[in-house]
Amino acid sequence: MDTLSYKTISANKETAQKEWVVVDAADQVLGRLGSKVAKLLRGKYKPNFTPHVDCGDNVIIINAAQVKLTGKKWTDRVYYSYTGYPGGQRENTPASIMAKPNGADKLVRRVVKGMLPKNKLGAKLLGNLYIYEGAEHKHEAQSPKVIDINSYK
């Protein structure tokens, strides 16, 4: 046999089938929710997953303000940032992030960003994430389908 009877099909920007999905974050554990959303954004649940192509879905997270953390992580977990100036290292806890305006958006986005690739593709995938603190969102025109995030591994 001098030829292959099958070919590996790689998705590209034109052939990727992107969908809009809604995920309800109410009473979900933050880390588990973040890892599943990162996989959705990446497209890892699809059979035509290609690592170097944005073939994931556009994800809308609603009720982000009702996300849970287990144990004492609201006060004991520390997120560090650096301003670039001497003595500019800052510490934030999830409770202090949630107390600020758009806190739920910032916290969930930070968690999901940490689970995406640290390159240009990861930055592009993060643009496909839309987070809302309440139950309403403005993407009804895209007719997103509501999925149960607990049914995914």
# chains A, B, ... in the order shown; residues from 1 in each chain; ligands from 1

call {"tool": "select_by_dssp", "arguments": {"residues": "region 83-119 of chain A", "states": "helix (DSSP H, G or I)", "output": "PyMOL selection string"}}
result
chain A and resi 94-99+103-114

call {"tool": "write_last_selection", "arguments": {"atoms": "N, CA and C atoms", "output": "compact mmCIF listing (two decimals), in the first residue's frame"}}
result
# COMPACT_ATOMS: atom_id res chain seq x y z
N PRO A 94 -9.32 37.09 46.72
CA PRO A 94 -10.59 37.05 45.96
C PRO A 94 -11.68 37.91 46.58
N ALA A 95 -11.72 38.01 47.91
CA ALA A 95 -12.74 38.85 48.55
C ALA A 95 -12.54 40.32 48.21
N SER A 96 -11.27 40.77 48.18
CA SER A 96 -11.02 42.18 47.86
C SER A 96 -11.28 42.46 46.38
N ILE A 97 -11.05 41.49 45.52
CA ILE A 97 -11.34 41.68 44.09
C ILE A 97 -12.85 41.77 43.87
N MET A 98 -13.61 40.91 44.56
CA MET A 98 -15.07 40.91 44.40
C MET A 98 -15.70 42.19 44.96
N ALA A 99 -15.04 42.85 45.91
CA ALA A 99 -15.59 44.06 46.50
C ALA A 99 -15.49 45.25 45.57
N GLY A 103 -16.02 43.29 39.97
CA GLY A 103 -15.12 42.35 40.64
C GLY A 103 -15.29 40.92 40.18
N ALA A 104 -16.53 40.50 39.98
CA ALA A 104 -16.77 39.12 39.54
C ALA A 104 -16.18 38.90 38.16
N ASP A 105 -16.32 39.88 37.28
CA ASP A 105 -15.73 39.80 35.94
C ASP A 105 -14.21 39.65 36.04
N LYS A 106 -13.58 40.48 36.86
CA LYS A 106 -12.12 40.46 36.98
C LYS A 106 -11.62 39.15 37.57
N LEU A 107 -12.32 38.63 38.57
CA LEU A 107 -11.88 37.40 39.23
C LEU A 107 -12.01 36.20 38.30
N VAL A 108 -13.16 36.04 37.66
CA VAL A 108 -13.37 34.90 36.77
C VAL A 108 -12.46 34.99 35.56
N ARG A 109 -12.28 36.20 35.02
CA ARG A 109 -11.40 36.37 33.86
C ARG A 109 -9.95 36.03 34.21
N ARG A 110 -9.52 36.39 35.42
CA ARG A 110 -8.16 36.09 35.85
C ARG A 110 -7.94 34.58 35.99
N VAL A 111 -8.95 33.89 36.53
CA VAL A 111 -8.84 32.45 36.70
C VAL A 111 -8.79 31.74 35.35
N VAL A 112 -9.66 32.14 34.43
CA VAL A 112 -9.70 31.49 33.12
C VAL A 112 -8.43 31.81 32.33
N LYS A 113 -7.93 33.04 32.45
CA LYS A 113 -6.72 33.43 31.73
C LYS A 113 -5.52 32.58 32.15
N GLY A 114 -5.47 32.24 33.43
CA GLY A 114 -4.38 31.41 33.91
C GLY A 114 -4.41 30.00 33.38

call {"tool": "select_by_dssp", "arguments": {"residues": "region 42-110 of chain A", "states": "strand (DSSP E or B)", "output": "ChimeraX atom specification"}}
result
/A:58-62,68,79-82,89-92

call {"tool": "write_last_selection", "arguments": {"atoms": "C-alpha atoms", "output": "PDB file, in the first residue's frame"}}
result
ATOM      1  CA  ASN A  58     -17.752  31.895  22.320  1.00  0.00           C
ATOM      2  CA  VAL A  59     -18.636  31.505  25.996  1.00  0.00           C
ATOM      3  CA  ILE A  60     -21.047  33.725  27.933  1.00  0.00           C
ATOM      4  CA  ILE A  61     -20.864  33.328  31.718  1.00  0.00           C
ATOM      5  CA  ILE A  62     -23.873  34.588  33.659  1.00  0.00           C
ATOM      6  CA  LYS A  68     -18.149  29.789  45.178  1.00  0.00           C
ATOM      7  CA  TYR A  79      -3.063  37.020  43.816  1.00  0.00           C
ATOM      8  CA  TYR A  80       0.070  39.062  43.132  1.00  0.00           C
ATOM      9  CA  SER A  81       0.563  41.819  40.594  1.00  0.00           C
ATOM     10  CA  TYR A  82       3.460  44.139  39.938  1.00  0.00           C
ATOM     11  CA  GLN A  89       4.178  44.520  44.306  1.00  0.00           C
ATOM     12  CA  ARG A  90       0.473  44.355  45.127  1.00  0.00           C
ATOM     13  CA  GLU A  91      -1.530  41.633  46.845  1.00  0.00           C
ATOM     14  CA  ASN A  92      -5.212  40.939  46.295  1.00  0.00           C
TER      15      ASN A  92
END

call {"tool": "closest_residue", "arguments": {"among": "A:Gln28, A:Asn63, A:Thr75, A:Asn119", "to": "Glu136 (chain A)", "atoms": "only C-alpha atoms"}}
result
A:Asn63

call {"tool": "residues_around", "arguments": {"residues": "Thr15 (chain A)", "least_positions_apart": "5", "cutoff": "12 Å", "atoms": "only C-alpha atoms", "output": "list in words"}}
result
Ile9, Ser10, Asn48, Phe49, Thr50, Val53, Asp54, Cys55 and Gly56 of chain A

call {"tool": "closest_residue", "arguments": {"among": "A:Thr70, A:Thr93, A:Ser35, A:Asn150", "to": "Leu116 (chain A)", "atoms": "only C-alpha atoms"}}
result
A:Ser35

call {"tool": "atom_distance", "arguments": {"atom1": "CA of Ile149 (chain A)", "atom2": "CA of Pro117 (chain A)"}}
result
21.1 Å

call {"tool": "closest_residue", "arguments": {"among": "A:Val29, A:Ala141, A:Asp148, A:Tyr130", "to": "Gln66 (chain A)", "atoms": "only C-alpha atoms"}}
result
A:Val29

call {"tool": "residues_around", "arguments": {"residues": "Trp20 (chain A)", "least_positions_apart": "4", "cutoff": "9 Å", "atoms": "only C-alpha atoms", "output": "list of chain:residue names"}}
result
A:Asp57, A:Asn58, A:Val59, A:Ile60, A:His139, A:Gln142, A:Ser143, A:Pro144, A:Lys145, A:Val146

call {"tool": "write_last_selection", "arguments": {"atoms": "all heavy atoms", "output": "PDB file, in the first residue's frame"}}
result
ATOM      1  N   ASP A  57     -15.484  27.692  21.275  1.00  0.00           N
ATOM      2  CA  ASP A  57     -16.758  28.399  21.264  1.00  0.00           C
ATOM      3  C   ASP A  57     -16.623  29.782  21.879  1.00  0.00           C
ATOM      4  O   ASP A  57     -15.664  30.075  22.590  1.00  0.00           O
ATOM      5  CB  ASP A  57     -17.799  27.600  22.053  1.00  0.00           C
ATOM      6  CG  ASP A  57     -18.103  26.256  21.413  1.00  0.00           C
ATOM      7  OD1 ASP A  57     -17.972  26.146  20.186  1.00  0.00           O
ATOM      8  OD2 ASP A  57     -18.466  25.330  22.150  1.00  0.00           O
ATOM      9  N   ASN A  58     -17.604  30.627  21.611  1.00  0.00           N
ATOM     10  CA  ASN A  58     -17.752  31.895  22.320  1.00  0.00           C
ATOM     11  C   ASN A  58     -18.570  31.606  23.564  1.00  0.00           C
ATOM     12  O   ASN A  58     -19.691  31.115  23.471  1.00  0.00           O
ATOM     13  CB  ASN A  58     -18.460  32.927  21.436  1.00  0.00           C
ATOM     14  CG  ASN A  58     -17.639  33.280  20.225  1.00  0.00           C
ATOM     15  OD1 ASN A  58     -16.501  33.686  20.340  1.00  0.00           O
ATOM     16  ND2 ASN A  58     -18.227  33.106  19.046  1.00  0.00           N
ATOM     17  N   VAL A  59     -18.013  31.897  24.737  1.00  0.00           N
ATOM     18  CA  VAL A  59     -18.636  31.505  25.996  1.00  0.00           C
ATOM     19  C   VAL A  59     -19.156  32.744  26.716  1.00  0.00           C
ATOM     20  O   VAL A  59     -18.436  33.725  26.880  1.00  0.00           O
ATOM     21  CB  VAL A  59     -17.634  30.745  26.891  1.00  0.00           C
ATOM     22  CG1 VAL A  59     -18.284  30.358  28.204  1.00  0.00           C
ATOM     23  CG2 VAL A  59     -17.109  29.517  26.175  1.00  0.00           C
ATOM     24  N   ILE A  60     -20.417  32.681  27.145  1.00  0.00           N
ATOM     25  CA  ILE A  60     -21.047  33.725  27.933  1.00  0.00           C
ATOM     26  C   ILE A  60     -21.274  33.151  29.327  1.00  0.00           C
ATOM     27  O   ILE A  60     -21.972  32.145  29.477  1.00  0.00           O
ATOM     28  CB  ILE A  60     -22.394  34.151  27.321  1.00  0.00           C
ATOM     29  CG1 ILE A  60     -22.201  34.598  25.868  1.00  0.00           C
ATOM     30  CG2 ILE A  60     -23.043  35.236  28.148  1.00  0.00           C
ATOM     31  CD1 ILE A  60     -23.486  34.660  25.083  1.00  0.00           C
ATOM     32  N   HIS A 139     -26.329  39.213  24.366  1.00  0.00           N
ATOM     33  CA  HIS A 139     -25.970  38.441  23.173  1.00  0.00           C
ATOM     34  C   HIS A 139     -27.115  37.556  22.696  1.00  0.00           C
ATOM     35  O   HIS A 139     -26.889  36.460  22.186  1.00  0.00           O
ATOM     36  CB  HIS A 139     -24.736  37.584  23.472  1.00  0.00           C
ATOM     37  CG  HIS A 139     -23.553  38.374  23.909  1.00  0.00           C
ATOM     38  ND1 HIS A 139     -22.783  39.099  23.036  1.00  0.00           N
ATOM     39  CD2 HIS A 139     -23.021  38.581  25.130  1.00  0.00           C
ATOM     40  CE1 HIS A 139     -21.824  39.709  23.700  1.00  0.00           C
ATOM     41  NE2 HIS A 139     -21.944  39.421  24.978  1.00  0.00           N
ATOM     42  N   GLN A 142     -27.204  36.365  18.917  1.00  0.00           N
ATOM     43  CA  GLN A 142     -26.395  35.225  18.472  1.00  0.00           C
ATOM     44  C   GLN A 142     -27.086  33.898  18.762  1.00  0.00           C
ATOM     45  O   GLN A 142     -26.554  32.859  18.404  1.00  0.00           O
ATOM     46  CB  GLN A 142     -25.020  35.243  19.170  1.00  0.00           C
ATOM     47  CG  GLN A 142     -24.045  36.228  18.582  1.00  0.00           C
ATOM     48  CD  GLN A 142     -24.326  37.656  18.986  1.00  0.00           C
ATOM     49  OE1 GLN A 142     -24.982  37.921  19.973  1.00  0.00           O
ATOM     50  NE2 GLN A 142     -23.833  38.597  18.214  1.00  0.00           N
ATOM     51  N   SER A 143     -28.247  33.934  19.407  1.00  0.00           N
ATOM     52  CA  SER A 143     -29.024  32.758  19.822  1.00  0.00           C
ATOM     53  C   SER A 143     -28.123  31.693  20.454  1.00  0.00           C
ATOM     54  O   SER A 143     -27.964  30.600  19.908  1.00  0.00           O
ATOM     55  CB  SER A 143     -29.829  32.175  18.657  1.00  0.00           C
ATOM     56  OG  SER A 143     -28.986  31.758  17.620  1.00  0.00           O
ATOM     57  N   PRO A 144     -27.539  32.016  21.607  1.00  0.00           N
ATOM     58  CA  PRO A 144     -26.654  31.046  22.262  1.00  0.00           C
ATOM     59  C   PRO A 144     -27.451  29.904  22.873  1.00  0.00           C
ATOM     60  O   PRO A 144     -28.616  30.064  23.236  1.00  0.00           O
ATOM     61  CB  PRO A 144     -25.973  31.877  23.348  1.00  0.00           C
ATOM     62  CG  PRO A 144     -26.952  32.933  23.666  1.00  0.00           C
ATOM     63  CD  PRO A 144     -27.662  33.237  22.379  1.00  0.00           C
ATOM     64  N   LYS A 145     -26.816  28.741  22.969  1.00  0.00           N
ATOM     65  CA  LYS A 145     -27.491  27.618  23.614  1.00  0.00           C
ATOM     66  C   LYS A 145     -26.976  27.474  25.045  1.00  0.00           C
ATOM     67  O   LYS A 145     -25.791  27.664  25.315  1.00  0.00           O
ATOM     68  CB  LYS A 145     -27.292  26.324  22.824  1.00  0.00           C
ATOM     69  CG  LYS A 145     -25.912  25.764  22.825  1.00  0.00           C
ATOM     70  CD  LYS A 145     -25.898  24.434  22.092  1.00  0.00           C
ATOM     71  CE  LYS A 145     -24.520  23.797  22.225  1.00  0.00           C
ATOM     72  NZ  LYS A 145     -24.427  22.535  21.553  1.00  0.00           N
ATOM     73  N   VAL A 146     -27.895  27.182  25.938  1.00  0.00           N
ATOM     74  CA  VAL A 146     -27.555  27.045  27.346  1.00  0.00           C
ATOM     75  C   VAL A 146     -27.048  25.630  27.573  1.00  0.00           C
ATOM     76  O   VAL A 146     -27.683  24.652  27.158  1.00  0.00           O
ATOM     77  CB  VAL A 146     -28.805  27.314  28.228  1.00  0.00           C
ATOM     78  CG1 VAL A 146     -28.469  27.134  29.687  1.00  0.00           C
ATOM     79  CG2 VAL A 146     -29.330  28.702  27.966  1.00  0.00           C
TER      80      VAL A 146
END

call {"tool": "closest_residue", "arguments": {"among": "A:Leu4, A:Arg77, A:Val22, A:Met115", "to": "Lys138 (chain A)", "atoms": "only C-alpha atoms"}}
result
A:Val22

call {"tool": "atom_distance", "arguments": {"atom1": "CA of Tyr6 (chain A)", "atom2": "CA of Pro47 (chain A)"}}
result
15.7 Å

call {"tool": "closest_residue", "arguments": {"among": "A:Ala11, A:Ala16, A:Leu121, A:Val67", "to": "Arg32 (chain A)", "atoms": "only C-alpha atoms"}}
result
A:Val67

call {"tool": "closest_residue", "arguments": {"among": "A:Glu19, A:Glu140, A:Glu14, A:Asp76", "to": "Lys46 (chain A)", "atoms": "only C-alpha atoms"}}
result
A:Glu19
